[in-house]
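**Student:** I have a structure here, written as structure tokens, and I will follow up with some questions on it.
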Amino acid sequence: MFVYLSKKIAIPNGVRLKSVAWNAEAGWITCGGCNGLLKVLKLDLDRGKTTSNLSMNQTLDGHEGNISVVGWNEQYRKLTSSDENGLIIVWMMHKGMWFEEMINNRNKSVVRDLCWTFDGQKICIAYEDGAVIVGSVDGNRLWGRELRSGGKPLQLSHVQWSPDGKSILFGTAAGQVHRYDASTGNCVAQLTSHCVEASSTAKLIGVTWHSHATADFNNLDSLPPTLAICYDNGRCQLMRHEMDDKPVLIDTGMAARYIRWNCQGTVLAIAGQQSATLSSGDRKEVAMVQFYDTSGTHLQSMKVPGSAIASLSWEGNGMRLALAVDSFIYFANVRPDYKWGYFQKTLVYAYVPTGRSEYTCVFWNTHTAEKHLVKNVSKLVDIAAGGDSCCLARRDDTMGQYVLTLCNAIGAPLEIRHIDFEPTSLCMSDTHIVAAGEELIYVWQYRSVASKADALDPRAANARRQESKERQFHVDDVVVPDGPKGRPNTLRTTDQICSACISPKFILVGRETGIVHMYLLPDLAFVNKFQMTCRPQKMAMNCSSTRMSVIDVAGLLTLYDLPAQDTWSLTVAPTQPLHGVERKDVWDMRWSADDEQLFAMMEKTRMYVFRGTSPEEPVPSAATLCSFEDLKIKGVILDEIMQDPEHPLKDCAVDFDTKALRDTTALLNTTLEDAWQFIEDNPHPRLWTLLSEKALEKLDFVMAEKAFVKCQDYQGLQFLKRLHRLDNDKTKQRAEIAAYFHHFDDAERLYRTIDRRDLAAELRMRLGDWFKVVQLVQEGGLDDVHIQEAWSNIGDYYADRQKWSKAVQYYNQAKEYGKLITYYSMLEDFKGLQGLVETLPGGSALLVELGNKFVAVGLFHDAVSAFLKADRVKMAVDACIEMNQWAQAVQLAEKFKIPEVSGYIAKYAGHMVEKGELGQALELYRKAESYVDCAKLLSTLGQKAAKARKTVQAKKYHVLAAINLDKYKQKMLSGPAQQGDAAVSMVDALLTTDQATASDRTLANAWRGAEAYHFFLLAQEQLSQQQTERAMVTAMRLCEYDDVLDEVDVYSLIALAAYLNRSYSVCSKAFTRLEDLEARGVKHGDDRGATEATSAENAFVTLDATSKALSRSMGSLSQGLGASAAPTASDSCYDFTEASRPFHDLAFKIFTRHPPSDTVPTVPCWKCKAPNKEWHSVCTSCGVHFNVCVVSGRTIISDSDQPQHRVEACGRCKHKMYKSELTGKRWRHCVLCHSLLNVSER
């Protein structure tokens, strides 16, 4: 903070003052002095808080003795005063004047102190003889008491209420502080004085207790100190509460006279006298005020003219201080150390909301007045800003570290870094952040948010391109480029860091002894060290990094020229400040960003602008300087902003022009020649720009051209050439000039005066002001094409701001169908999208986009409509398939005869299979002519039917599967003759099909499965017709199909047929196979090769019911032929559940009665005439293959002319049969595939 004297009011007749008090609510100031002097004053500040004037100056009569104490009751607007005679007067205001309300005179002792409670309800008056009176605001006495200690009355000197009003502290002349109960007046305890020894003779000079507005009195240890007790030896203790045993101790080093907290409880002012040595060697007592924060840190010291400070008081907002010195009232202005920064037209500042401990950071755009709040920033240490970012430094107690957060203009964090020390100095440039502690320095080269780099500044461009880097080192380290990145030196130093600053070229670090370290950027090399004549508090460098400014702790501003590179040395060299520039009471300064000679500084309440060492006329202001560029200074009145930090006023941001800019503006209104001469003497690009603008306004193109040359404005010169081509049309030239200087409304007005709305519209189009373009077009400026462009751009305007409903309205008028599709989709306005399908012409590419939008949300009807209108039938079919609308897809494919229809149908069929709708899948495979897939599915269904013991159905499925495979092969072979590569492709397709069906043997030989189930059924039918020999022959053929049929079923049927045919040898062989299966544990219905062991009872209890029924019927038939001649039904109806080995036991019963011998039927080979068993399929002698009659199961020997040997072949399945068998049964269809036979040849 910085404090300086700003005003002095002299008391008439040189009357010495004894006390002063400032009403924090209303702003009244009362002062009491000798001879009964009591005055009430009021100071009013102007808008800029630079000057103050007395608005009230009333002398109150009533006292005769010297005024000893005065006090305000702020809540009830009352003033209480007392003199050395003990007279107490309570004053009140009536119609703008102060009058006596109550008078009290005890006439026994002097009033040493009086104090109102913080709510204004009670007053406590302490007399020197120990008497105490507590009264109410309406004048009633609540209680009175004479305070004693050790039987003797206490000699009182001070009194102070506790913040909650429950206790009263009394200070004695002996330096003791006693705590009493406020309701009973009983002594509670004596406070311990930690700052002085018990035997000390130091006198108590002040007890002040600040009240937090929302303090939690049950948790006072968490709050900062509020109770201050000070002695005349300059020692003071700050306590959180009256029982605090660990107070903050302060030694001011001066003879203290008075103390007082500011109204916020953040700063304690201690007034006193300090001995100073004059240049002559004599000692002199100097009046001084020292300022401390709640942690006991010394903030500032201020010397005051006069012999001694009798009293002091704070203004309510803490911005000013009133001091009673001799016969004067001095006013001091206080400039707090606000946490703030300014960048990219954004002011960032922090404040602590009432009742909270965390900071709130406000990012306020001074140009647009937009603000963003970042709340609950705990333990904020400092704020720095530079370039297009700012840095917030705070303490993180959980990690024991300090956090640096890089933020943009709306407070969004960009990057975060952690450091291990407290940054007492924080500064920032466009590319680097420097955090300096007492001994350590941390440099962070961050990634800039800006996307552009100055091509003429390779150093800055290179810094922006590099990745984020960071480095930490000790102030005594010799830093070199690319040096070690490890932990810095940990040795303590007695010369600590007190200030730091940064420019694009250097980092300067100032130490308490005045030594300054210079580090070169961006390499970060320690290159120079020099000695100043002061202790720097604030440092800054000009735009060329050739000169620096220093403000020391006393507010003295000096300038130093930075050493040239050829004089750099790490040996300390003394440096003297520039002569002619030494200003006192300076609290802020700012270098110009574009002129190395210009800088602005704040001295008390005046702003000075210097060019070199020459100041301009001061400007009254209390603004904090934010930026200085183009001869304009931007400032903000932080004092006013902090009064209501959540609602900053735009008036708090102020701009100042330099004297050169003001003078140039004035001269431009006279003659251009005078302005030219003045700018020649005070050159600056901004001034030349002003001259060029004024010359263009006056159409003085010669002067304008010279001004453009001076400011090196190439675009301006090109603009002049364009003006010359306008053929001296003054109005057009003026309009172009107005547009060039961004006076667009004036340019439009000039175009309208010459009836050239088309030019005005073109101007607005170049500016992108499409609302104006629409207005001008409607007035007849341009054609309809341009108005549609305007509608489209207005739609873009609203779309960029996410106001899509309005954007759609304008896109409709502009017929921007592509954008309508996008924003209808964002709005989920599907009716609007459906309307576009009707609006768009057929074949439009936008219809495809619409269709894709519909597909994305599952509206397949609308998607199909869009694709069909766009003549994209295939995309419509694909959309149906994607949304599982297979029926629609197949319908479209068939309707529009898409070549890939078979593929679509096949995909749909696969979908139906997954859903379990196999019948529909078969139909689709048939339509798609996907015969192989159809055959696979039919074969699968046949296997399922067989497992379910549905033999007839299984046969039908296998017949259909075989028919489909034959169709596929016929399709591949029936096409036109293939040659070359086409023939190879066809063969490859057939081979691929064979490989695909090889895993299923019923498909590998298309009719094999159908034959197996056909002969299985035929054998059972023959048994039922008592054709036992034929049944046995047919059953024996089933041995070739034991991979299709169940082995237990096959050999059970063979055993039964052979038994009934009395072919016991065949029967014995069948039982042998069954016993083998029984021994291997093969269950009925298991796959071939299963080896799981199980009991015979479970193995054969599921023997086919059809076989059992046939056995019973044949047993009955045999009984009719004689018991000895044929087996009985009981032999074949053995109960398999009664024994553990049913086949073994049954075979034992049969073959103990019938030996395994018989005669089997044979047939001669039609080629070699060798006899073969009738069920053989191959001749055992010559190996020729025998055909089988599918009607009777007999072997076909030859096709001769004999009626009984004539053979019929089925045209579909190619299986043969005796015609005699067909004639006898009058069958017209094939018994295997059920296709119609050729009757004409029969």
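Following the order of the structure tokens, first chain is A, next is B, and so on, with residues numbered from 1 inside each chain and ligands from 1 in the order they appear.
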Residues near segment 806-819 of chain A, anyone? I mean within 12 Å using only C-alpha atoms, not counting same-chain ones fewer than 4 positions away, as a tab-separated table (two decimals) with N, CA, C and O atoms, in the first residue's frame.

**Tutor:**
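Here's the written file part_37.tsv:
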```tsv
chain	number	residue	atom	x	y	z
A	770	TRP	N	-25.62	-7.01	-42.94
A	770	TRP	CA	-26.62	-7.53	-43.86
A	770	TRP	C	-28.02	-7.02	-43.54
A	770	TRP	O	-28.89	-7.00	-44.41
A	771	PHE	N	-28.25	-6.60	-42.32
A	771	PHE	CA	-29.55	-6.01	-42.01
A	771	PHE	C	-29.74	-4.71	-42.78
A	771	PHE	O	-30.83	-4.43	-43.31
A	774	VAL	N	-30.41	-5.49	-46.50
A	774	VAL	CA	-31.81	-5.80	-46.78
A	774	VAL	C	-32.65	-4.53	-46.88
A	774	VAL	O	-33.48	-4.37	-47.80
A	784	ASP	N	-32.76	-8.92	-56.67
A	784	ASP	CA	-33.21	-9.97	-55.74
A	784	ASP	C	-32.11	-10.95	-55.39
A	784	ASP	O	-32.16	-11.60	-54.34
A	785	VAL	N	-31.13	-11.12	-56.28
A	785	VAL	CA	-30.04	-12.04	-55.97
A	785	VAL	C	-29.29	-11.58	-54.72
A	785	VAL	O	-28.94	-12.37	-53.84
A	786	HIS	N	-29.09	-10.30	-54.63
A	786	HIS	CA	-28.37	-9.76	-53.48
A	786	HIS	C	-29.21	-9.86	-52.20
A	786	HIS	O	-28.66	-10.06	-51.12
A	787	ILE	N	-30.51	-9.71	-52.33
A	787	ILE	CA	-31.32	-9.81	-51.11
A	787	ILE	C	-31.34	-11.24	-50.60
A	787	ILE	O	-31.36	-11.48	-49.39
A	788	GLN	N	-31.30	-12.20	-51.54
A	788	GLN	CA	-31.20	-13.58	-51.08
A	788	GLN	C	-29.86	-13.82	-50.37
A	788	GLN	O	-29.79	-14.52	-49.36
A	789	GLU	N	-28.81	-13.24	-50.90
A	789	GLU	CA	-27.51	-13.34	-50.23
A	789	GLU	C	-27.57	-12.70	-48.84
A	789	GLU	O	-27.00	-13.21	-47.88
A	790	ALA	N	-28.28	-11.59	-48.75
A	790	ALA	CA	-28.42	-10.92	-47.45
A	790	ALA	C	-29.20	-11.79	-46.48
A	790	ALA	O	-28.82	-11.95	-45.32
A	791	TRP	N	-30.32	-12.38	-46.96
A	791	TRP	CA	-31.09	-13.27	-46.08
A	791	TRP	C	-30.19	-14.40	-45.58
A	791	TRP	O	-30.23	-14.77	-44.40
A	792	SER	N	-29.40	-14.96	-46.49
A	792	SER	CA	-28.53	-16.07	-46.12
A	792	SER	C	-27.52	-15.66	-45.06
A	792	SER	O	-27.28	-16.37	-44.08
A	793	ASN	N	-26.93	-14.51	-45.22
A	793	ASN	CA	-25.93	-14.06	-44.24
A	793	ASN	C	-26.56	-13.68	-42.90
A	793	ASN	O	-25.94	-13.86	-41.85
A	794	ILE	N	-27.78	-13.17	-42.94
A	794	ILE	CA	-28.46	-12.91	-41.67
A	794	ILE	C	-28.75	-14.23	-40.96
A	794	ILE	O	-28.63	-14.34	-39.73
A	795	GLY	N	-29.12	-15.23	-41.75
A	795	GLY	CA	-29.27	-16.56	-41.14
A	795	GLY	C	-27.98	-17.05	-40.52
A	795	GLY	O	-27.98	-17.62	-39.41
A	796	ASP	N	-26.86	-16.81	-41.21
A	796	ASP	CA	-25.56	-17.19	-40.63
A	796	ASP	C	-25.30	-16.43	-39.33
A	796	ASP	O	-24.73	-16.99	-38.38
A	797	TYR	N	-25.72	-15.18	-39.30
A	797	TYR	CA	-25.52	-14.35	-38.09
A	797	TYR	C	-26.21	-15.00	-36.89
A	797	TYR	O	-25.63	-15.13	-35.81
A	798	TYR	N	-27.46	-15.39	-37.08
A	798	TYR	CA	-28.19	-16.00	-35.98
A	798	TYR	C	-27.69	-17.41	-35.69
A	798	TYR	O	-27.67	-17.84	-34.53
A	799	ALA	N	-27.27	-18.12	-36.71
A	799	ALA	CA	-26.77	-19.48	-36.49
A	799	ALA	C	-25.48	-19.46	-35.67
A	799	ALA	O	-25.28	-20.31	-34.80
A	800	ASP	N	-24.60	-18.49	-35.94
A	800	ASP	CA	-23.37	-18.38	-35.17
A	800	ASP	C	-23.65	-18.12	-33.71
A	800	ASP	O	-22.83	-18.48	-32.84
A	801	ARG	N	-24.79	-17.50	-33.41
A	801	ARG	CA	-25.16	-17.22	-32.02
A	801	ARG	C	-26.11	-18.26	-31.47
A	801	ARG	O	-26.75	-18.05	-30.43
A	802	GLN	N	-26.22	-19.38	-32.18
A	802	GLN	CA	-27.03	-20.52	-31.77
A	802	GLN	C	-28.51	-20.18	-31.65
A	802	GLN	O	-29.24	-20.84	-30.90
A	823	TYR	N	-29.94	-27.09	-39.93
A	823	TYR	CA	-30.51	-26.48	-38.73
A	823	TYR	C	-31.88	-27.03	-38.39
A	823	TYR	O	-32.29	-27.00	-37.23
A	824	TYR	N	-32.62	-27.56	-39.39
A	824	TYR	CA	-33.81	-28.32	-39.04
A	824	TYR	C	-33.42	-29.55	-38.22
A	824	TYR	O	-34.12	-29.93	-37.27
A	825	SER	N	-32.30	-30.17	-38.58
A	825	SER	CA	-31.84	-31.34	-37.84
A	825	SER	C	-31.46	-30.96	-36.41
A	825	SER	O	-31.77	-31.67	-35.46
A	826	MET	N	-30.78	-29.81	-36.26
A	826	MET	CA	-30.41	-29.36	-34.91
A	826	MET	C	-31.64	-29.07	-34.06
A	826	MET	O	-31.67	-29.34	-32.86
A	827	LEU	N	-32.67	-28.51	-34.71
A	827	LEU	CA	-33.91	-28.21	-34.00
A	827	LEU	C	-34.80	-29.44	-33.86
A	827	LEU	O	-35.85	-29.35	-33.20
A	829	ASP	N	-36.66	-30.60	-36.08
A	829	ASP	CA	-37.91	-30.25	-36.76
A	829	ASP	C	-38.05	-31.16	-37.98
A	829	ASP	O	-37.70	-30.80	-39.11
A	832	GLY	N	-40.29	-30.00	-40.85
A	832	GLY	CA	-39.60	-29.12	-41.78
A	832	GLY	C	-38.76	-29.89	-42.77
A	832	GLY	O	-38.73	-29.57	-43.97
A	833	LEU	N	-38.09	-30.93	-42.31
A	833	LEU	CA	-37.30	-31.76	-43.22
A	833	LEU	C	-38.19	-32.49	-44.22
A	833	LEU	O	-37.83	-32.62	-45.39
A	835	GLY	N	-40.99	-31.41	-45.31
A	835	GLY	CA	-41.42	-30.42	-46.29
A	835	GLY	C	-40.36	-30.16	-47.34
A	835	GLY	O	-40.69	-29.87	-48.51
A	836	LEU	N	-39.08	-30.25	-46.96
A	836	LEU	CA	-38.01	-30.04	-47.94
A	836	LEU	C	-38.01	-31.14	-49.00
A	836	LEU	O	-37.61	-30.89	-50.14
A	837	VAL	N	-38.42	-32.34	-48.64
A	837	VAL	CA	-38.48	-33.42	-49.64
A	837	VAL	C	-39.45	-33.04	-50.75
A	837	VAL	O	-39.19	-33.30	-51.94
A	838	GLU	N	-40.57	-32.40	-50.37
A	838	GLU	CA	-41.54	-31.97	-51.39
A	838	GLU	C	-41.03	-30.77	-52.17
A	838	GLU	O	-41.34	-30.60	-53.35
A	839	THR	N	-40.23	-29.92	-51.50
A	839	THR	CA	-39.80	-28.68	-52.13
A	839	THR	C	-38.65	-28.89	-53.12
A	839	THR	O	-38.63	-28.29	-54.20
A	840	LEU	N	-37.72	-29.72	-52.78
A	840	LEU	CA	-36.52	-29.90	-53.60
A	840	LEU	C	-36.87	-30.57	-54.92
A	840	LEU	O	-37.73	-31.48	-54.96
A	841	PRO	N	-36.21	-30.18	-55.99
A	841	PRO	CA	-36.48	-30.82	-57.29
A	841	PRO	C	-35.90	-32.23	-57.33
A	841	PRO	O	-34.95	-32.56	-56.62
A	844	SER	N	-31.97	-33.87	-57.00
A	844	SER	CA	-31.09	-32.97	-56.26
A	844	SER	C	-30.20	-33.77	-55.30
A	844	SER	O	-30.64	-34.72	-54.65
A	845	ALA	N	-28.95	-33.35	-55.22
A	845	ALA	CA	-28.02	-34.01	-54.30
A	845	ALA	C	-28.43	-33.80	-52.85
A	845	ALA	O	-28.08	-34.60	-51.97
A	846	LEU	N	-29.17	-32.71	-52.56
A	846	LEU	CA	-29.60	-32.45	-51.18
A	846	LEU	C	-30.61	-33.49	-50.72
A	846	LEU	O	-30.75	-33.73	-49.50
A	847	LEU	N	-31.32	-34.10	-51.67
A	847	LEU	CA	-32.24	-35.17	-51.28
A	847	LEU	C	-31.50	-36.34	-50.66
A	847	LEU	O	-31.99	-37.00	-49.74
A	848	VAL	N	-30.31	-36.60	-51.18
A	848	VAL	CA	-29.49	-37.68	-50.60
A	848	VAL	C	-29.11	-37.33	-49.16
A	848	VAL	O	-29.18	-38.16	-48.25
A	849	GLU	N	-28.72	-36.07	-48.95
A	849	GLU	CA	-28.38	-35.64	-47.58
A	849	GLU	C	-29.60	-35.75	-46.67
A	849	GLU	O	-29.50	-36.16	-45.51
A	850	LEU	N	-30.76	-35.35	-47.20
A	850	LEU	CA	-31.99	-35.48	-46.42
A	850	LEU	C	-32.25	-36.94	-46.06
A	850	LEU	O	-32.61	-37.27	-44.93
A	853	LYS	N	-30.17	-38.00	-43.27
A	853	LYS	CA	-30.66	-37.47	-42.00
A	853	LYS	C	-31.81	-38.32	-41.47
A	853	LYS	O	-31.89	-38.63	-40.28
```

**Student:** List the neighbours of Gly296 of chain A out to 7 Å using only C-alpha atoms; skip same-chain residues closer than 2 positions along the sequence, and give me the result as an MDAnalysis selection string.

**Tutor:** chainID A and resid 248:250 292:294 298

**Student:** I'd like the neighbourhood of segment 38-43 of chain A as a list in words, where a residue qualifies if any of its atoms comes within 6 Å (using only C-alpha atoms), though same-chain residues fewer than 3 positions away should be ignored.

**Tutor:** Trp28, Ile29, Thr30, Cys31, Gly32, Ser52, Asn53, Leu54, Ser55, Met56, Asn57, Gln58, Thr59 and Leu60 of chain A

**Student:** Which one is closest to Asp129 of chain A: A:Ala385, A:Leu79, A:Val702, A:Ala173? Count only C-alpha atoms.

**Tutor:** A:Ala173

**Student:** Excluding segment 193-199 of chain A and its own-chain neighbours fewer than 3 positions away, which residues fall within 10 Å of it when counting only C-alpha atoms? Please give them as a PyMOL selection string.

**Tutor:** chain A and resi 175-177+190+202+229-231+233-238+245-251

**Student:** Set the distance at 7 Å and use only C-alpha atoms: which residues neighbour Val509 of chain A once local chain neighbours fewer than 3 positions away are removed? I'd like the list as an MDAnalysis selection string.

**Tutor:** chainID A and resid 497 499:501 516:518

**Student:** I need the chosen residues saved as a PDB file, in the first residue's frame, with all heavy atoms.

**Tutor:**
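Result written to result14.pdb:
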```
ATOM      1  N   ILE A 497      15.050 -10.712  -2.162  1.00  0.00           N
ATOM      2  CA  ILE A 497      14.391 -10.105  -3.328  1.00  0.00           C
ATOM      3  C   ILE A 497      13.223  -9.252  -2.842  1.00  0.00           C
ATOM      4  O   ILE A 497      12.442  -9.667  -1.982  1.00  0.00           O
ATOM      5  CB  ILE A 497      13.901 -11.193  -4.292  1.00  0.00           C
ATOM      6  CG1 ILE A 497      15.083 -12.026  -4.806  1.00  0.00           C
ATOM      7  CG2 ILE A 497      13.121 -10.598  -5.450  1.00  0.00           C
ATOM      8  CD1 ILE A 497      14.661 -13.244  -5.596  1.00  0.00           C
ATOM      9  N   SER A 499      11.637  -6.949  -5.443  1.00  0.00           N
ATOM     10  CA  SER A 499      10.889  -6.492  -6.612  1.00  0.00           C
ATOM     11  C   SER A 499      11.387  -7.223  -7.858  1.00  0.00           C
ATOM     12  O   SER A 499      12.533  -7.724  -7.877  1.00  0.00           O
ATOM     13  CB  SER A 499      11.034  -4.982  -6.799  1.00  0.00           C
ATOM     14  OG  SER A 499      10.300  -4.540  -7.920  1.00  0.00           O
ATOM     15  N   ALA A 500      10.529  -7.283  -8.879  1.00  0.00           N
ATOM     16  CA  ALA A 500      10.905  -7.903 -10.158  1.00  0.00           C
ATOM     17  C   ALA A 500      10.052  -7.298 -11.258  1.00  0.00           C
ATOM     18  O   ALA A 500       8.914  -6.858 -11.026  1.00  0.00           O
ATOM     19  CB  ALA A 500      10.731  -9.416 -10.118  1.00  0.00           C
ATOM     20  N   CYS A 501      10.611  -7.253 -12.466  1.00  0.00           N
ATOM     21  CA  CYS A 501       9.859  -6.792 -13.632  1.00  0.00           C
ATOM     22  C   CYS A 501      10.380  -7.532 -14.860  1.00  0.00           C
ATOM     23  O   CYS A 501      11.446  -8.154 -14.831  1.00  0.00           O
ATOM     24  CB  CYS A 501       9.953  -5.283 -13.813  1.00  0.00           C
ATOM     25  SG  CYS A 501      11.604  -4.693 -14.264  1.00  0.00           S
ATOM     26  N   VAL A 516      20.529  -4.959  -8.549  1.00  0.00           N
ATOM     27  CA  VAL A 516      19.585  -5.439  -9.551  1.00  0.00           C
ATOM     28  C   VAL A 516      20.286  -6.475 -10.424  1.00  0.00           C
ATOM     29  O   VAL A 516      21.394  -6.236 -10.917  1.00  0.00           O
ATOM     30  CB  VAL A 516      19.051  -4.286 -10.427  1.00  0.00           C
ATOM     31  CG1 VAL A 516      18.127  -4.828 -11.519  1.00  0.00           C
ATOM     32  CG2 VAL A 516      18.318  -3.270  -9.573  1.00  0.00           C
ATOM     33  N   HIS A 517      19.643  -7.640 -10.594  1.00  0.00           N
ATOM     34  CA  HIS A 517      20.146  -8.693 -11.475  1.00  0.00           C
ATOM     35  C   HIS A 517      19.416  -8.596 -12.805  1.00  0.00           C
ATOM     36  O   HIS A 517      18.188  -8.428 -12.853  1.00  0.00           O
ATOM     37  CB  HIS A 517      19.912 -10.070 -10.861  1.00  0.00           C
ATOM     38  CG  HIS A 517      20.752 -10.339  -9.647  1.00  0.00           C
ATOM     39  ND1 HIS A 517      21.085 -11.610  -9.249  1.00  0.00           N
ATOM     40  CD2 HIS A 517      21.341  -9.505  -8.758  1.00  0.00           C
ATOM     41  CE1 HIS A 517      21.826 -11.555  -8.161  1.00  0.00           C
ATOM     42  NE2 HIS A 517      21.977 -10.273  -7.835  1.00  0.00           N
ATOM     43  N   MET A 518      20.169  -8.749 -13.888  1.00  0.00           N
ATOM     44  CA  MET A 518      19.595  -8.672 -15.233  1.00  0.00           C
ATOM     45  C   MET A 518      19.755 -10.033 -15.906  1.00  0.00           C
ATOM     46  O   MET A 518      20.859 -10.574 -15.994  1.00  0.00           O
ATOM     47  CB  MET A 518      20.295  -7.586 -16.053  1.00  0.00           C
ATOM     48  CG  MET A 518      19.734  -7.426 -17.473  1.00  0.00           C
ATOM     49  SD  MET A 518      20.711  -6.259 -18.468  1.00  0.00           S
ATOM     50  CE  MET A 518      20.358  -4.755 -17.589  1.00  0.00           C
TER      51      MET A 518
END
```

**Student:** Output as number ranges by chain all residues of segment 447-643 of chain A that backbone DSSP marks as alpha helix (DSSP H).

**Tutor:** A: 458-465, 638-641

**Student:** Those same residues - C-alpha atoms - I'd like them written as a PDB file, in the first residue's frame.

**Tutor:**
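As a result, part21.pdb now contains:
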```
ATOM      1  CA  PRO A 458      11.721 -12.994 -34.675  1.00  0.00           C
ATOM      2  CA  ARG A 459      12.440 -13.143 -30.959  1.00  0.00           C
ATOM      3  CA  ALA A 460       8.751 -12.939 -30.071  1.00  0.00           C
ATOM      4  CA  ALA A 461       7.762 -15.259 -32.907  1.00  0.00           C
ATOM      5  CA  ASN A 462      10.278 -17.855 -31.786  1.00  0.00           C
ATOM      6  CA  ALA A 463       9.070 -17.623 -28.205  1.00  0.00           C
ATOM      7  CA  ARG A 464       5.484 -18.231 -29.287  1.00  0.00           C
ATOM      8  CA  ARG A 465       6.429 -21.235 -31.361  1.00  0.00           C
ATOM      9  CA  LEU A 638     -10.236   0.923  -8.448  1.00  0.00           C
ATOM     10  CA  ASP A 639     -11.302   2.699  -5.273  1.00  0.00           C
ATOM     11  CA  GLU A 640     -14.802   3.156  -6.671  1.00  0.00           C
ATOM     12  CA  ILE A 641     -14.922  -0.289  -8.212  1.00  0.00           C
TER      13      ILE A 641
END
```

**Student:** Might you pull out every residue within 7 Å of Leu373 of chain A, with only C-alpha atoms counted and same-chain residues fewer than 5 positions away left off, and present them as a list of chain:residue names?

**Tutor:** A:Thr360, A:Cys361, A:Val362, A:Phe363

**Student:** Nearest to Thr184 of chain A: which of A:Leu631, A:Leu426, A:Val134, A:Ala369 is it, counting only C-alpha atoms?

**Tutor:**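 Between A:Leu631, A:Leu426, A:Val134, A:Ala369, the residue approaching Thr184 of chain A most closely is A:Val134.
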
**Student:** Between A:Leu1017, A:Leu691, A:Val377, A:Met883, which has the minimum distance to Phe854 of chain A (counting only C-alpha atoms)?

**Tutor:**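 Using only C-alpha atoms, the shortest distance to Phe854 of chain A belongs to A:Met883.
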
**Student:** What is the distance between atom CA of Leu687 of chain A and atom CA of Glu705 of chain A, in Å to one decimal?

**Tutor:**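 Between atom CA of Leu687 of chain A and atom CA of Glu705 of chain A the gap works out to 14.3 Å.
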
**Student:** Counting only C-alpha atoms, what are the residues of segment 1007-1046 of chain A within 6 Å of segment 944-961 of chain A, and for each of them which pair of atoms is the nearest and at what distance in Å, to one decimal? Sort the table by chain and rising number, as a tab-separated table.

**Tutor:**
```
residue	atom	partner	partner_atom	distance
A:Gly1009	CA	A:His958	CA	5.7
A:Ala1010	CA	A:His958	CA	5.0
A:Tyr1013	CA	A:Lys955	CA	5.3
```

**Student:** Selection from above, C-alpha atoms, as a CSV table (one decimal), in the first residue's frame, can you write it?

**Tutor:**
```csv
chain,number,residue,atom,x,y,z
A,1009,GLY,CA,-30.2,-88.1,-47.0
A,1010,ALA,CA,-33.5,-88.5,-48.9
A,1013,TYR,CA,-35.0,-91.8,-44.8
```

**Student:** Using only C-alpha atoms, which of the listed residues (A:Phe291, A:Tyr127, A:Phe530, A:Phe628) sits closest to Phe2 of chain A?

**Tutor:**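 So, comparing all the options, the nearest one is A:Phe291.
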
**Student:** Tell me which of A:Gly318, A:Gly1183, A:Gly768, A:Gly281 sits closest to Asn262 of chain A, counting only C-alpha atoms.

**Tutor:**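 The shortest atom-to-atom distance to Asn262 of chain A comes from A:Gly318.
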